[in-house]
Amino acid sequence: MGGVSSTIASKLAFFPPEPSYQVDLDEQTQKLKLLGVSQSEKGEVSILQTKRGHYIFSVFVRNKGATMTLLYSHGNAADIGQMFRFFIELSDRLRVNVMGYDYAGYGRSNGEPSEQNTYADIEAVYKCLKEIYEVKEEDIILYGQSIGSGPTLELATKLPQIRGVILQSAILSGLRVMYRIKYSLWLDIYKNIDKIPYVSCPVLVIHGTEDDIVDISHGKKLWELSKMKYEPLWVKGGNHCDLQVFPQFFTHLKKFIISVERQSDYSKNVELEESIIDLDYTLDITNEIKCRPSIEEIEKSSRISTEQKEIIPIRPSTDRKLKPRISFDKREKPRKSMDYFGKSRSSTDQSERGRNSIDRFGDMMRSVAMCNIDCLKQTLAEED
């Protein structure tokens with residue numbers, strides 16, 4: 001049933017244009033390059049194999065000052081040849097790297113376009129970014145235009161550490177572009193309305209108020225359902241494919257990029273502070289543990305004490321957690337049990353100071369989980 005629905009939806013939803021570019025091997029660099037595309041030398045072309053067996057083309061536009069990388073999924077009637085100038089403009093004006101790609105069946109990529117194929121396509125591109133270009137997940141911003149919002153949100157739900165998501169002229173789902181339906185149907189594709197609540201990063205939604213292909217209500221609903229909402233951009237007078245000509249378009253994108261970059265720096269600082277706090281806590285616990293006598297030390301001290309001094313019968317303690325068997329003051333003879341010291345507190349002579357010290361130490365030992373190491377040191381100092 002799922003395969004039939006995907007085939008039907010594919011025929012209705014995907015309209016790949018005639019390829020706008022050729023791919024050739026540069027004899028000097030021995031690298032692939034786009035032919036028939038202006039400024040093609042600025043793009044690094046790759047052929048990627050997807051898990052569904054297709055070979056797709058991608059192009060990487062590098063910005064030397066970039067800290068973030070956009071993974072761009074284009075709209076329905078476009079390919080990377082047509083989008084290349086826009087990729088360069090994004091890279092220059094936003095100071096980011098841009099990775100664009102063609103879905104199976106688009107441009108020079110082989111295969112047939114389908115929902116599941118686009119999911120495999122974007123996963124292959126993401127893998128390329130991580131393994132070939134060594135881009136970290138937290139330095140990637142997913143950018144989906146129109147139908148490209150489908151693979152974008154699918155991948156976003158699987159990557160909890162990505163820096164952000166940009167949705168331009170996005171759809172709620174395939175069928176919702178044509179019909180007003182309340183619930184998602186089995187034959188629908190790109191059910192973004194059901195996925196966006198699971199995206200755990202900032203989401204920027206951009207939509208034109210005069211979009212005659214995907215109504216602005218799609219963008220507003222997606223923004224409403226976002227978990228981490230960023231200030232949306234509703235471009236007054238903007239249509240489906242002309243938003244980039246409005247001056248506020250790049251201005252708002254730049255604000256978003258700066259915002260998520262600062263969030264990245266803040267997160268790193270917080271992680272550093274937390275690691276320092278954890279280290280301090282570990283040191284405190286270590287010092288506290290070292291200050292407490294072990295069972296072996298107590299027994300050893302007991303044996304030495306009984307050999308050198310007279311043995312005085314000691315009643316067993318009623319506290320199962322603590323079984324003190326010796327005096328903790330080596331300068332005096334063993335006195336009585338902890339229980340005895342807890343009861344006899346009337347004497348105020350010099351010997352009582354040792355007993356009171358042990359009594360206080362015993363109280364602290366009974367509440368060891370709440371013991372403060374500084375308090376322990378003070379008590380032992382008073383004995384001296």
# chains A, B, ... in the order shown; residues from 1 in each chain; ligands from 1

$ residues_around --residues "Ser169 (chain A)" --least-positions-apart "4" --cutoff "7 Å" --atoms "only C-alpha atoms" --output "list of chain:residue names"
A:Gln145, A:Ser146, A:Ile206, A:His207, A:Val214, A:Gly219, A:His240

$ residues_around --residues "Lys221 (chain A)" --least-positions-apart "6" --cutoff "10 Å" --atoms "only C-alpha atoms" --output "number ranges by chain"
A: 171-172, 193, 205

$ closest_residue --among "A:Lys127, A:Glu261, A:Gln116, A:Ser40" --to "Val96 (chain A)" --atoms "only C-alpha atoms"
A:Glu261

$ residues_around --residues "Gly81 (chain A)" --least-positions-apart "5" --cutoff "12 Å" --atoms "only C-alpha atoms" --output "mmCIF file with C-alpha atoms, in the first residue's frame"
data_model
loop_
_atom_site.group_PDB
_atom_site.id
_atom_site.type_symbol
_atom_site.label_atom_id
_atom_site.label_comp_id
_atom_site.auth_asym_id
_atom_site.auth_seq_id
_atom_site.Cartn_x
_atom_site.Cartn_y
_atom_site.Cartn_z
ATOM 1 C CA PRO A 17 12.905 20.383 -15.245
ATOM 2 C CA GLU A 18 15.249 19.684 -18.116
ATOM 3 C CA PRO A 19 18.817 19.635 -16.751
ATOM 4 C CA SER A 20 20.339 23.107 -16.841
ATOM 5 C CA TYR A 21 23.942 21.977 -16.589
ATOM 6 C CA GLN A 22 26.519 19.440 -17.697
ATOM 7 C CA VAL A 23 29.232 17.849 -15.600
ATOM 8 C CA LYS A 33 32.972 20.934 -12.550
ATOM 9 C CA LEU A 34 29.651 22.306 -13.727
ATOM 10 C CA LEU A 35 29.387 23.319 -17.383
ATOM 11 C CA GLY A 36 26.983 25.951 -18.649
ATOM 12 C CA VAL A 37 26.838 27.626 -15.227
ATOM 13 C CA SER A 38 28.207 31.081 -14.415
ATOM 14 C CA GLN A 39 31.017 31.181 -11.798
ATOM 15 C CA SER A 40 31.087 27.401 -11.694
ATOM 16 C CA GLY A 43 31.593 25.167 -6.609
ATOM 17 C CA VAL A 45 31.056 19.044 -7.412
ATOM 18 C CA PHE A 57 25.127 15.294 -7.812
ATOM 19 C CA SER A 58 25.964 17.854 -5.149
ATOM 20 C CA VAL A 59 27.814 21.169 -5.169
ATOM 21 C CA HIS A 74 15.651 23.148 -3.428
ATOM 22 C CA PHE A 86 21.678 31.880 -5.392
ATOM 23 C CA PHE A 87 24.015 29.525 -3.498
ATOM 24 C CA ILE A 88 26.902 31.924 -4.116
ATOM 25 C CA GLY A 100 23.176 22.029 -2.542
ATOM 26 C CA TYR A 101 22.168 18.802 -4.264
ATOM 27 C CA ASP A 102 19.804 17.350 -6.836
ATOM 28 C CA TYR A 106 16.624 15.900 -11.016
ATOM 29 C CA GLY A 107 19.478 17.526 -12.924
ATOM 30 C CA ARG A 108 22.087 14.878 -13.773
#

$ select_by_dssp --residues "region 63-270 of chain A" --states "strand (DSSP E)" --output "PyMOL selection string"
chain A and resi 69-73+97-101+140-145+164-168+203-208+233-235

$ closest_residue --among "A:Ile189, A:Ile56, A:Leu71, A:Ala77" --to "Tyr103 (chain A)" --atoms "only C-alpha atoms"
A:Ile56

$ atom_distance --atom1 "CA of Ala66 (chain A)" --atom2 "CA of Thr118 (chain A)"
27.0 Å

$ atom_distance --atom1 "CA of Leu48 (chain A)" --atom2 "CA of Arg163 (chain A)"
24.0 Å

$ closest_residue --among "A:Ile140, A:Ile162, A:Val125, A:Leu225" --to "Asn97 (chain A)" --atoms "only C-alpha atoms"
A:Ile140

$ residues_around --residues "His218 (chain A)" --least-positions-apart "5" --cutoff "12 Å" --atoms "only C-alpha atoms" --output "ChimeraX atom specification"
/A:146,149,167-180,191-193,205-209,211-213,223-225,234

$ residues_around --residues "Lys195 (chain A)" --least-positions-apart "6" --cutoff "10 Å" --atoms "only C-alpha atoms" --output "list in words"
Gly150, Leu153, Glu154, Ala156, Thr157, Leu172, Leu222, Leu225 and Ser226 of chain A

$ write_last_selection --atoms "N, CA and C atoms" --output "compact mmCIF listing (two decimals), in the first residue's frame"
# COMPACT_ATOMS: atom_id res chain seq x y z
N GLY A 150 10.27 18.96 2.86
CA GLY A 150 10.00 17.56 3.23
C GLY A 150 11.24 16.83 3.69
N LEU A 153 12.82 18.49 7.01
CA LEU A 153 12.25 18.17 8.31
C LEU A 153 12.41 16.70 8.66
N GLU A 154 12.42 15.84 7.66
CA GLU A 154 12.66 14.43 7.93
C GLU A 154 14.04 14.24 8.57
N ALA A 156 15.81 16.64 10.04
CA ALA A 156 15.89 17.42 11.28
C ALA A 156 15.38 16.63 12.48
N THR A 157 14.39 15.77 12.28
CA THR A 157 13.86 14.97 13.39
C THR A 157 14.86 13.92 13.86
N LEU A 172 2.70 22.13 4.47
CA LEU A 172 2.26 21.31 5.59
C LEU A 172 2.30 19.83 5.22
N LEU A 222 3.09 25.91 10.43
CA LEU A 222 4.37 25.28 10.77
C LEU A 222 5.08 26.06 11.87
N LEU A 225 3.46 25.38 15.22
CA LEU A 225 3.72 24.05 15.77
C LEU A 225 5.18 23.83 16.15
N SER A 226 6.04 24.79 15.81
CA SER A 226 7.47 24.64 16.11
C SER A 226 7.70 24.67 17.62
